[in-house]
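Colleague: Have a look at the structure that comes next, please.
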Amino acid sequence: MVAPIQKLVHLSSKIFGSLTPDKITKDHLSPLIRAINDIKIEDVQFDPREVEEQDAQSRLYNRRRAPVTYMHLFQDKSFSMSVFIVKSGGVLPLHDHPKMHGLLKVIYGTLKIISYTEVNKQVFPDDLLTTHHPQTRSFYRNIKTVRRNNDLIVTDEDGCCILTPTDGNIHEIHSETQMAAFLDILAPPYENDATCHYYQELPSSTSTDSTRWLLEIPQPNSYWCNTISYKGPSLDNLDV
């Protein structure tokens, strides 16, 4: 019998393996959205107690607890699939997924998602320019003009969240519970860590939800992941 997570991998491979990112529409994603919305915590055999035990070991040996735990499920040339577990007080800092489509399905706990969509560059306001120095050319090149989308509070009872290469592609993810976990599909997958960019919002008295400014920054020191192993059904060499 084929497991739901195996069906999801096969369907993802079929859709993302046959279309380039610029050709993918929501109609193409519809069957994948239905499939990922059916995934439950038991389908990836994730047990929150494993993360709690890992964190207890960190405390025992006076090591800092990782704010996020990562579980790799599958990756090929067209997409990647993984689970991220965000602890209380933990956050996936503001980052982007350049030229990627993404589906995020909460499978445990509650998340808050803050997202932005890039818009045409606007004239920088005076207070933004006077607050941030040095005002070098590279500084200006690293600023994006964006609009802030409505914040989302998402539980395992909700459908998946979707990002495209143009809509909601920059986002930040917080746990609203002691622990929260989500299944993540990205297409195409990251080639390397350098593909992802991190940002901070620049304060300005002229900021509105429709016009804000984000500055590209190095990966925050407060963010790192430890890992746990996937223990569910095999996802390699599927012929569903």
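Letters for chains follow the order of the structure tokens (A, B, ...), residue numbers begin at 1 for each chain, and ligand numbers begin at 1 in the order shown.
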Pull the closest atom pair for each residue of segment 186-235 of chain A that gets at most 10 Å from segment 32-43 of chain A, along with the distance in Å to one decimal, counting only C-alpha atoms, ordering rows by chain and then ascending residue number, as a tab-separated table.

Modeller:
residue	atom	partner	partner_atom	distance
A:Lys231	CA	A:Asp43	CA	9.9
A:Gly232	CA	A:Asp43	CA	7.0
A:Pro233	CA	A:Asp43	CA	8.5

Colleague: Which polymer residues have any atom within 6 Å of an atom of Asp184 of chain A, counting only C-alpha atoms, with same-chain residues fewer than 5 positions away left out, as a PDB file with C-alpha atoms, in the first residue's frame?

Modeller:
ATOM      1  CA  MET A  81      10.798  18.279   0.820  1.00  0.00           C
ATOM      2  CA  SER A  82      11.564  18.685   4.514  1.00  0.00           C
ATOM      3  CA  VAL A  83      10.084  19.334   7.942  1.00  0.00           C
ATOM      4  CA  LEU A 103       4.091  25.071  -0.117  1.00  0.00           C
ATOM      5  CA  LEU A 104       4.077  25.168   3.685  1.00  0.00           C
TER       6      LEU A 104
END

Colleague: Looking at A:Ala187, A:Val9, A:Val123, A:Leu111, which one is nearest to Ser207 of chain A, with distances taken over only C-alpha atoms?

Modeller: A:Val123

Colleague: May I ask which of the residues A:Gly109, A:Gly168, A:Glu191, A:Gln45 is the closest one to Lys77 of chain A, counting only C-alpha atoms?

Modeller: A:Glu191

Colleague: What is the atom CA of Tyr70 of chain A-atom CA of Asn226 of chain A distance in Å, reported with one decimal?

Modeller: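 It comes out at 6.2 Å.
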
Colleague: Leaving out Cys225 of chain A and any residue of its chain fewer than 2 positions from it, which residues lie within 6 Å of it when counting only C-alpha atoms, given as a PDB file with C-alpha atoms, in the first residue's frame?

Modeller:
ATOM      1  CA  ALA A  66      18.879  25.201  18.618  1.00  0.00           C
ATOM      2  CA  VAL A  68      14.874  25.222  14.944  1.00  0.00           C
ATOM      3  CA  THR A  69      15.228  21.510  14.176  1.00  0.00           C
TER       4      THR A  69
END

Colleague: Hey, which of A:Ser12, A:Ser115, A:Thr155, A:Ser80 ends up closest to His171 of chain A? Count only C-alpha atoms.

Modeller: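 Of the candidates, the smallest distance to His171 of chain A is held by A:Ser115.
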
Colleague: Excluding same-chain residues fewer than 6 positions from Pro67 of chain A, what lies within 9 Å of it counting only C-alpha atoms, as a PyMOL selection string?

Modeller: chain A and resi 85-92+222-226

Colleague: Which one is closest to Ser229 of chain A: A:Val106, A:Leu60, A:Met179, A:Met71? Count only C-alpha atoms.

Modeller: A:Met71

Colleague: Pick the closest to Tyr230 of chain A from A:Asp156, A:Lys112, A:Pro218, A:Glu50: which is it, counting only C-alpha atoms?

Modeller: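 Of A:Asp156, A:Lys112, A:Pro218, A:Glu50, the one nearest Tyr230 of chain A, counting only C-alpha atoms, is A:Glu50.
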
Colleague: Pick out the closest residue to Val154 of chain A from this set: A:Phe182, A:Tyr116, A:Phe124, A:Phe74. Count only C-alpha atoms.

Modeller: A:Phe182

Colleague: Select from segment 108-220 of chain A everything DSSP, run on the backbone, classes as strand (DSSP E or B), then give the selection as a ChimeraX atom specification.

Modeller: /A:108,110-118,143-148,152-155,161-163,170-175,179-187,198-201,208,211-217

Colleague: Hey, what does DSSP flag as alpha helix (DSSP H) within segment 24-176 of chain A? Can you give it to me as an NGL selection string?

Modeller: :A and (26-37 or 48-60 or 126-131 or 137-141)

Colleague: Next, the residues of the selection above should be written as a CSV table (one decimal), in the first residue's frame with N, CA and C atoms.

Modeller:
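Listing of part39.csv after writing:
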chain,number,residue,atom,x,y,z
A,26,LYS,N,-1.3,28.2,-10.5
A,26,LYS,CA,-2.0,27.6,-9.4
A,26,LYS,C,-2.8,26.4,-9.8
A,27,ASP,N,-3.3,26.4,-11.1
A,27,ASP,CA,-4.0,25.2,-11.6
A,27,ASP,C,-3.1,24.0,-11.6
A,28,HIS,N,-1.8,24.2,-12.0
A,28,HIS,CA,-0.9,23.1,-11.9
A,28,HIS,C,-0.7,22.6,-10.5
A,29,LEU,N,-0.7,23.5,-9.5
A,29,LEU,CA,-0.4,23.2,-8.2
A,29,LEU,C,-1.7,22.6,-7.4
A,30,SER,N,-2.8,22.7,-8.0
A,30,SER,CA,-4.1,22.3,-7.3
A,30,SER,C,-4.1,20.9,-6.8
A,31,PRO,N,-3.7,19.9,-7.6
A,31,PRO,CA,-3.6,18.5,-7.1
A,31,PRO,C,-2.6,18.4,-6.0
A,32,LEU,N,-1.5,19.1,-6.1
A,32,LEU,CA,-0.5,19.0,-5.0
A,32,LEU,C,-1.0,19.7,-3.7
A,33,ILE,N,-1.7,20.8,-3.9
A,33,ILE,CA,-2.3,21.4,-2.7
A,33,ILE,C,-3.2,20.5,-2.0
A,34,ARG,N,-4.1,19.8,-2.7
A,34,ARG,CA,-5.0,18.9,-2.1
A,34,ARG,C,-4.2,17.7,-1.4
A,35,ALA,N,-3.2,17.3,-2.0
A,35,ALA,CA,-2.4,16.2,-1.4
A,35,ALA,C,-1.7,16.6,-0.1
A,36,ILE,N,-1.0,17.7,-0.2
A,36,ILE,CA,-0.3,18.2,1.0
A,36,ILE,C,-1.2,18.5,2.2
A,37,ASN,N,-2.4,19.0,1.9
A,37,ASN,CA,-3.4,19.3,2.9
A,37,ASN,C,-3.9,18.1,3.7
A,48,PRO,N,7.2,14.7,18.6
A,48,PRO,CA,7.7,15.9,19.3
A,48,PRO,C,8.6,15.5,20.5
A,49,ARG,N,8.4,14.4,21.1
A,49,ARG,CA,9.2,14.0,22.2
A,49,ARG,C,10.7,13.8,21.9
A,50,GLU,N,11.0,13.5,20.6
A,50,GLU,CA,12.4,13.3,20.2
A,50,GLU,C,13.1,14.7,20.2
A,51,VAL,N,12.4,15.7,19.8
A,51,VAL,CA,13.0,17.1,19.9
A,51,VAL,C,13.2,17.5,21.4
A,52,GLU,N,12.1,17.2,22.2
A,52,GLU,CA,12.2,17.6,23.6
A,52,GLU,C,13.4,16.9,24.3
A,53,GLU,N,13.6,15.6,23.9
A,53,GLU,CA,14.8,14.9,24.5
A,53,GLU,C,16.1,15.4,24.0
A,54,GLN,N,16.1,15.8,22.7
A,54,GLN,CA,17.4,16.4,22.2
A,54,GLN,C,17.7,17.7,22.9
A,55,ASP,N,16.6,18.6,23.2
A,55,ASP,CA,16.8,19.8,23.9
A,55,ASP,C,17.2,19.6,25.3
A,56,ALA,N,16.7,18.5,25.9
A,56,ALA,CA,17.1,18.2,27.3
A,56,ALA,C,18.5,17.8,27.4
A,57,GLN,N,19.0,17.1,26.4
A,57,GLN,CA,20.5,16.8,26.3
A,57,GLN,C,21.3,18.1,26.2
A,58,SER,N,20.8,19.0,25.4
A,58,SER,CA,21.6,20.3,25.3
A,58,SER,C,21.7,21.0,26.7
A,59,ARG,N,20.6,21.0,27.4
A,59,ARG,CA,20.6,21.6,28.7
A,59,ARG,C,21.5,20.9,29.7
A,60,LEU,N,21.5,19.6,29.6
A,60,LEU,CA,22.3,18.7,30.5
A,60,LEU,C,23.8,19.1,30.3
A,126,ASP,N,13.5,60.4,3.3
A,126,ASP,CA,14.6,61.1,3.9
A,126,ASP,C,15.0,60.5,5.2
A,127,ASP,N,14.1,60.1,6.1
A,127,ASP,CA,14.5,59.7,7.4
A,127,ASP,C,15.2,58.3,7.3
A,128,LEU,N,14.9,57.5,6.3
A,128,LEU,CA,15.6,56.2,6.1
A,128,LEU,C,17.0,56.5,5.6
A,129,LEU,N,17.2,57.5,4.8
A,129,LEU,CA,18.6,57.8,4.3
A,129,LEU,C,19.4,58.4,5.4
A,130,THR,N,18.9,59.2,6.2
A,130,THR,CA,19.7,59.9,7.3
A,130,THR,C,20.0,59.0,8.4
A,131,THR,N,19.2,57.9,8.7
A,131,THR,CA,19.4,57.0,9.8
A,131,THR,C,20.5,56.0,9.5
A,137,ARG,N,26.8,52.9,-2.5
A,137,ARG,CA,26.0,52.3,-3.6
A,137,ARG,C,25.6,50.9,-3.3
A,138,SER,N,26.4,50.1,-2.7
A,138,SER,CA,26.1,48.7,-2.4
A,138,SER,C,25.0,48.7,-1.4
A,139,PHE,N,24.9,49.7,-0.4
A,139,PHE,CA,23.9,49.7,0.5
A,139,PHE,C,22.5,49.9,-0.2
A,140,TYR,N,22.4,50.8,-1.1
A,140,TYR,CA,21.2,51.0,-1.8
A,140,TYR,C,20.8,49.8,-2.7
A,141,ARG,N,21.8,49.1,-3.3
A,141,ARG,CA,21.5,48.0,-4.1
A,141,ARG,C,20.9,46.9,-3.3

Colleague: Residues at most 8 Å from segment 145-152 of chain A, counting only C-alpha atoms, excluding those fewer than 5 positions away in the same chain, as a PDB file with N, CA, C and O atoms, in the first residue's frame?

Modeller:
ATOM      1  N   LEU A 111       1.701  28.319  13.945  1.00  0.00           N
ATOM      2  CA  LEU A 111       2.720  29.229  13.441  1.00  0.00           C
ATOM      3  C   LEU A 111       2.128  30.595  13.152  1.00  0.00           C
ATOM      4  O   LEU A 111       0.953  30.715  12.798  1.00  0.00           O
ATOM      5  N   LYS A 112       2.983  31.610  13.274  1.00  0.00           N
ATOM      6  CA  LYS A 112       2.665  32.940  12.756  1.00  0.00           C
ATOM      7  C   LYS A 112       3.597  33.201  11.584  1.00  0.00           C
ATOM      8  O   LYS A 112       4.819  33.034  11.699  1.00  0.00           O
ATOM      9  N   ILE A 113       3.025  33.613  10.455  1.00  0.00           N
ATOM     10  CA  ILE A 113       3.809  33.861   9.252  1.00  0.00           C
ATOM     11  C   ILE A 113       3.659  35.327   8.853  1.00  0.00           C
ATOM     12  O   ILE A 113       2.550  35.822   8.637  1.00  0.00           O
ATOM     13  N   ILE A 114       4.781  36.000   8.783  1.00  0.00           N
ATOM     14  CA  ILE A 114       4.849  37.392   8.331  1.00  0.00           C
ATOM     15  C   ILE A 114       5.487  37.377   6.949  1.00  0.00           C
ATOM     16  O   ILE A 114       6.578  36.825   6.778  1.00  0.00           O
ATOM     17  N   SER A 115       4.830  37.954   5.961  1.00  0.00           N
ATOM     18  CA  SER A 115       5.382  37.864   4.609  1.00  0.00           C
ATOM     19  C   SER A 115       5.312  39.203   3.877  1.00  0.00           C
ATOM     20  O   SER A 115       4.494  40.071   4.203  1.00  0.00           O
ATOM     21  N   TYR A 116       6.185  39.327   2.888  1.00  0.00           N
ATOM     22  CA  TYR A 116       6.290  40.527   2.062  1.00  0.00           C
ATOM     23  C   TYR A 116       6.353  40.122   0.597  1.00  0.00           C
ATOM     24  O   TYR A 116       6.853  39.045   0.249  1.00  0.00           O
ATOM     25  N   THR A 117       5.872  41.018  -0.247  1.00  0.00           N
ATOM     26  CA  THR A 117       5.957  40.853  -1.698  1.00  0.00           C
ATOM     27  C   THR A 117       6.701  42.049  -2.272  1.00  0.00           C
ATOM     28  O   THR A 117       6.366  43.201  -1.953  1.00  0.00           O
ATOM     29  N   GLU A 118       7.703  41.781  -3.095  1.00  0.00           N
ATOM     30  CA  GLU A 118       8.482  42.873  -3.671  1.00  0.00           C
ATOM     31  C   GLU A 118       7.644  43.655  -4.679  1.00  0.00           C
ATOM     32  O   GLU A 118       6.864  43.077  -5.449  1.00  0.00           O
ATOM     33  N   VAL A 119       7.791  44.969  -4.663  1.00  0.00           N
ATOM     34  CA  VAL A 119       7.077  45.855  -5.594  1.00  0.00           C
ATOM     35  C   VAL A 119       8.116  46.741  -6.281  1.00  0.00           C
ATOM     36  O   VAL A 119       9.308  46.681  -5.989  1.00  0.00           O
ATOM     37  N   ASN A 120       7.638  47.562  -7.209  1.00  0.00           N
ATOM     38  CA  ASN A 120       8.556  48.463  -7.906  1.00  0.00           C
ATOM     39  C   ASN A 120       9.243  49.393  -6.906  1.00  0.00           C
ATOM     40  O   ASN A 120       8.604  49.913  -5.992  1.00  0.00           O
ATOM     41  N   LYS A 121      10.526  49.578  -7.096  1.00  0.00           N
ATOM     42  CA  LYS A 121      11.308  50.386  -6.155  1.00  0.00           C
ATOM     43  C   LYS A 121      10.787  51.809  -6.092  1.00  0.00           C
ATOM     44  O   LYS A 121      10.520  52.437  -7.103  1.00  0.00           O
ATOM     45  N   GLN A 122      10.613  52.299  -4.864  1.00  0.00           N
ATOM     46  CA  GLN A 122      10.143  53.656  -4.628  1.00  0.00           C
ATOM     47  C   GLN A 122      11.317  54.541  -4.193  1.00  0.00           C
ATOM     48  O   GLN A 122      12.371  54.062  -3.803  1.00  0.00           O
ATOM     49  N   GLY A 168       4.598  36.859  -1.843  1.00  0.00           N
ATOM     50  CA  GLY A 168       4.905  36.330  -0.522  1.00  0.00           C
ATOM     51  C   GLY A 168       6.230  35.613  -0.434  1.00  0.00           C
ATOM     52  O   GLY A 168       6.428  34.774   0.455  1.00  0.00           O
ATOM     53  N   THR A 208       4.140  52.255   5.122  1.00  0.00           N
ATOM     54  CA  THR A 208       2.757  51.795   5.159  1.00  0.00           C
ATOM     55  C   THR A 208       2.781  50.313   4.807  1.00  0.00           C
ATOM     56  O   THR A 208       3.809  49.774   4.407  1.00  0.00           O
ATOM     57  N   ASP A 209       1.647  49.623   4.920  1.00  0.00           N
ATOM     58  CA  ASP A 209       1.627  48.209   4.542  1.00  0.00           C
ATOM     59  C   ASP A 209       1.963  48.026   3.068  1.00  0.00           C
ATOM     60  O   ASP A 209       2.515  47.008   2.659  1.00  0.00           O
ATOM     61  N   SER A 210       1.644  49.028   2.245  1.00  0.00           N
ATOM     62  CA  SER A 210       1.878  48.897   0.812  1.00  0.00           C
ATOM     63  C   SER A 210       3.279  49.321   0.390  1.00  0.00           C
ATOM     64  O   SER A 210       3.716  49.019  -0.721  1.00  0.00           O
ATOM     65  N   THR A 211       4.007  50.034   1.252  1.00  0.00           N
ATOM     66  CA  THR A 211       5.360  50.488   0.908  1.00  0.00           C
ATOM     67  C   THR A 211       6.250  50.427   2.140  1.00  0.00           C
ATOM     68  O   THR A 211       6.106  51.231   3.070  1.00  0.00           O
ATOM     69  N   ARG A 212       7.141  49.443   2.124  1.00  0.00           N
ATOM     70  CA  ARG A 212       8.140  49.305   3.182  1.00  0.00           C
ATOM     71  C   ARG A 212       9.475  48.981   2.521  1.00  0.00           C
ATOM     72  O   ARG A 212       9.537  48.680   1.331  1.00  0.00           O
ATOM     73  N   TRP A 213      10.529  48.995   3.341  1.00  0.00           N
ATOM     74  CA  TRP A 213      11.866  48.763   2.786  1.00  0.00           C
ATOM     75  C   TRP A 213      12.592  47.700   3.601  1.00  0.00           C
ATOM     76  O   TRP A 213      12.600  47.738   4.839  1.00  0.00           O
ATOM     77  N   LEU A 214      13.194  46.740   2.898  1.00  0.00           N
ATOM     78  CA  LEU A 214      13.949  45.667   3.526  1.00  0.00           C
ATOM     79  C   LEU A 214      15.404  45.752   3.090  1.00  0.00           C
ATOM     80  O   LEU A 214      15.694  45.906   1.902  1.00  0.00           O
TER      81      LEU A 214
END

Colleague: Do you have the atom CA of Thr227 of chain A-atom CA of Phe46 of chain A distance handy?

Modeller: 12.3 Å

Colleague: Do you have the atom CA of Phe84 of chain A-atom CA of Arg63 of chain A distance handy?

Modeller: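 Separation of atom CA of Phe84 of chain A and atom CA of Arg63 of chain A: 20.5 Å.
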